[in-house]
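Enquirer: I'd like to ask some things about the structure below.
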Amino acid sequence: MKRIAERLRASPTPSADASAQPLASAGDCGLFLVRITFGLLMAGHGAQKLFGMFGGGGLSETAGGFSRLGYHPGKVYAVIGGASEFLGGLGLALGLLTPLAAAALIGVMINAMVTVTAAHGLWAISGGTEYNVCIAVVALAIAATGPGRLSLDRPFRWGKGGWGEAAFALFAGGVGAAIVLLI
């Protein structure tokens, strides 16, 4: 039994011909697919707020919505929220400054949960937190696993992911959200 466990933990023997190894594994491609889809959709969501793209109301309409939620001045908070979604989404899509990108999305989602969706329960069908929780968890998971081989962060230490990167994303997102909620 011990021998089986050791064999399962052992890394595969590298092939003599390095060129025979694939450029990217299925896991690398899967993580890239999650990052690019999730990141670009979040960037698009931010572009709706900032630029009025993809059917969004743009900065003026978003500022009005933020003012109605009690964020004053609404335009400043609209820029912060929209830029966090836009830049955080692009960062995750590119795998660039991944823990910081994840923190930006986590912070926005915490704010959305506290100010809008928490009062409606869990499920999105009744306006609840389901959608916001999913976004925050995916962002946190990408920070924890790292952006993968197909990313711009690959050469950097934080490009590997880990507990420190996940803790940074959660802590920075939480602190950012708390600052916004307290002022």
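Note on naming: chains are A, B, ... as they come in the structure tokens, residues start from 1 per chain, ligands start from 1 in the order shown.
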Among region 130-176 of chain A, which residues does DSSP mark as helix (DSSP H, G or I) when it is run on the backbone? Keep the chain and numbering as in the structure and answer as an NGL selection string.
Expert: :A and (130-145 or 157-160 or 163-176)
Enquirer: Considering only C-alpha atoms, give me a table of residues in region 56-132 of chain A that are at most 10 Å from region 31-51 of chain A, with the closest atom pair and distance in Å for each, as CSV.
Expert:
```
residue,atom,partner,partner_atom,distance
A:Gly56,CA,A:Gln48,CA,4.0
A:Gly57,CA,A:Lys49,CA,6.3
A:Gly58,CA,A:Lys49,CA,4.8
A:Leu59,CA,A:Leu50,CA,4.8
A:Ser60,CA,A:Leu50,CA,8.6
A:Glu61,CA,A:Lys49,CA,7.9
A:Thr62,CA,A:Lys49,CA,5.7
A:Ala63,CA,A:Lys49,CA,8.6
A:Lys75,CA,A:Leu50,CA,10.0
A:Ala78,CA,A:Lys49,CA,7.1
A:Val79,CA,A:Leu50,CA,6.6
A:Ile80,CA,A:Leu50,CA,9.5
A:Gly81,CA,A:Gly46,CA,7.5
A:Gly82,CA,A:Gly46,CA,4.3
A:Ala83,CA,A:Gly46,CA,6.2
A:Ser84,CA,A:Gly46,CA,7.3
A:Glu85,CA,A:Gly46,CA,4.6
A:Phe86,CA,A:Ala43,CA,3.8
A:Leu87,CA,A:Ala43,CA,6.5
A:Gly88,CA,A:Ala43,CA,7.1
A:Gly89,CA,A:Gly39,CA,3.9
A:Leu90,CA,A:Gly39,CA,5.6
A:Gly91,CA,A:Gly39,CA,7.2
A:Leu92,CA,A:Gly39,CA,5.1
A:Ala93,CA,A:Ile36,CA,4.2
A:Leu94,CA,A:Ile36,CA,7.1
A:Gly95,CA,A:Arg35,CA,7.5
A:Ala101,CA,A:Gly39,CA,9.4
A:Ala102,CA,A:Gly39,CA,9.8
A:Leu105,CA,A:Met42,CA,8.4
```
Enquirer: For Arg157 (chain A), please output as a list in words all residues within 10 Å (counting only C-alpha atoms; exclusion window: fewer than 5 positions along the same chain).
Expert: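 The residues that qualify are Gly146, Gly162 and Glu165 of chain A.
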Enquirer: Looking at only C-alpha atoms, which of A:Gly176, A:Gly52, A:Gly107, A:Gly161 is the one that sits closest to Ile142 (chain A)?
Expert: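 Comparing A:Gly176, A:Gly52, A:Gly107, A:Gly161 against Ile142 (chain A), the winner is A:Gly161.
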Enquirer: Check the smallest atom-to-atom distance from each of A:Pro22, A:Gly27, A:Gly173, A:Gly159 to Val137 (chain A) using only C-alpha atoms, then report the winner.
Expert: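 Of all the options, A:Gly173 lies closest to Val137 (chain A).
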Enquirer: Write out as a JSON list (two decimals) with C-alpha atoms, in the first residue's frame each polymer residue whose atoms come within 7 Å of Leu140 (chain A), counting only C-alpha atoms; drop sequence neighbours fewer than 2 positions from it.
Expert:
```json
[["chain", "number", "residue", "atom", "x", "y", "z"],
["A", 102, "ALA", "CA", -8.83, 38.89, -7.89],
["A", 136, "ALA", "CA", -15.90, 36.20, -5.58],
["A", 137, "VAL", "CA", -15.18, 32.47, -5.21],
["A", 138, "VAL", "CA", -13.97, 32.06, -8.81],
["A", 142, "ILE", "CA", -7.83, 31.65, -9.51],
["A", 143, "ALA", "CA", -5.62, 33.55, -7.04],
["A", 144, "ALA", "CA", -5.15, 30.34, -5.05],
["A", 166, "ALA", "CA", -5.23, 33.68, -1.97],
["A", 169, "ALA", "CA", -6.64, 38.59, -2.63],
["A", 170, "LEU", "CA", -9.18, 37.95, 0.13]]
```
Enquirer: What is the distance between CA of Pro147 (chain A) and CA of Leu96 (chain A), in Å to one decimal?
Expert: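 Between CA of Pro147 (chain A) and CA of Leu96 (chain A) the gap works out to 8.2 Å.
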Enquirer: Find the residues around Gly70 (chain A) up to 10 Å (only C-alpha atoms counted), leave out those fewer than 4 positions away in its own chain, and share them as a list in words.
Expert: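 Selected residues are Gly64, Gly65, Phe66, Gly74, Thr115 and Leu181 of chain A.
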Enquirer: Would you mind exporting C-alpha atoms of the selected residues as a short mmCIF file (atom, residue, chain, number, x, y, z; two decimals), in the first residue's frame?
Expert:
```cif
data_model
loop_
_atom_site.label_atom_id
_atom_site.label_comp_id
_atom_site.auth_asym_id
_atom_site.auth_seq_id
_atom_site.Cartn_x
_atom_site.Cartn_y
_atom_site.Cartn_z
CA GLY A 64 -27.00 57.81 -10.37
CA GLY A 65 -27.43 54.20 -9.26
CA PHE A 66 -24.55 54.47 -6.81
CA GLY A 74 -21.91 58.65 -6.96
CA THR A 115 -25.50 46.96 -0.10
CA LEU A 181 -18.48 50.81 2.99
#
```
Enquirer: Between CA of Cys29 (chain A) and CA of Leu150 (chain A), measure the distance and give it in Å to one decimal.
Expert: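 Separation between CA of Cys29 (chain A) and CA of Leu150 (chain A): 7.6 Å.
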Enquirer: For the atom pair CA of Ala139 (chain A) and CA of Ala103 (chain A), what is the interatomic distance in Å to one decimal place?
Expert: 7.7 Å
Enquirer: Under the rule that only C-alpha atoms are counted, which of A:Gly164, A:Ile135, A:Ala141, A:Leu122 is the nearest residue to Ile106 (chain A)?
Expert: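 Of the candidates, the smallest distance to Ile106 (chain A) is held by A:Ile135.
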Enquirer: Pick out the closest residue to Asn111 (chain A) from this set: A:Leu152, A:Gly55, A:Arg68, A:Leu182. Count only C-alpha atoms.
Expert: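 Of the candidates, the smallest distance to Asn111 (chain A) is held by A:Leu182.
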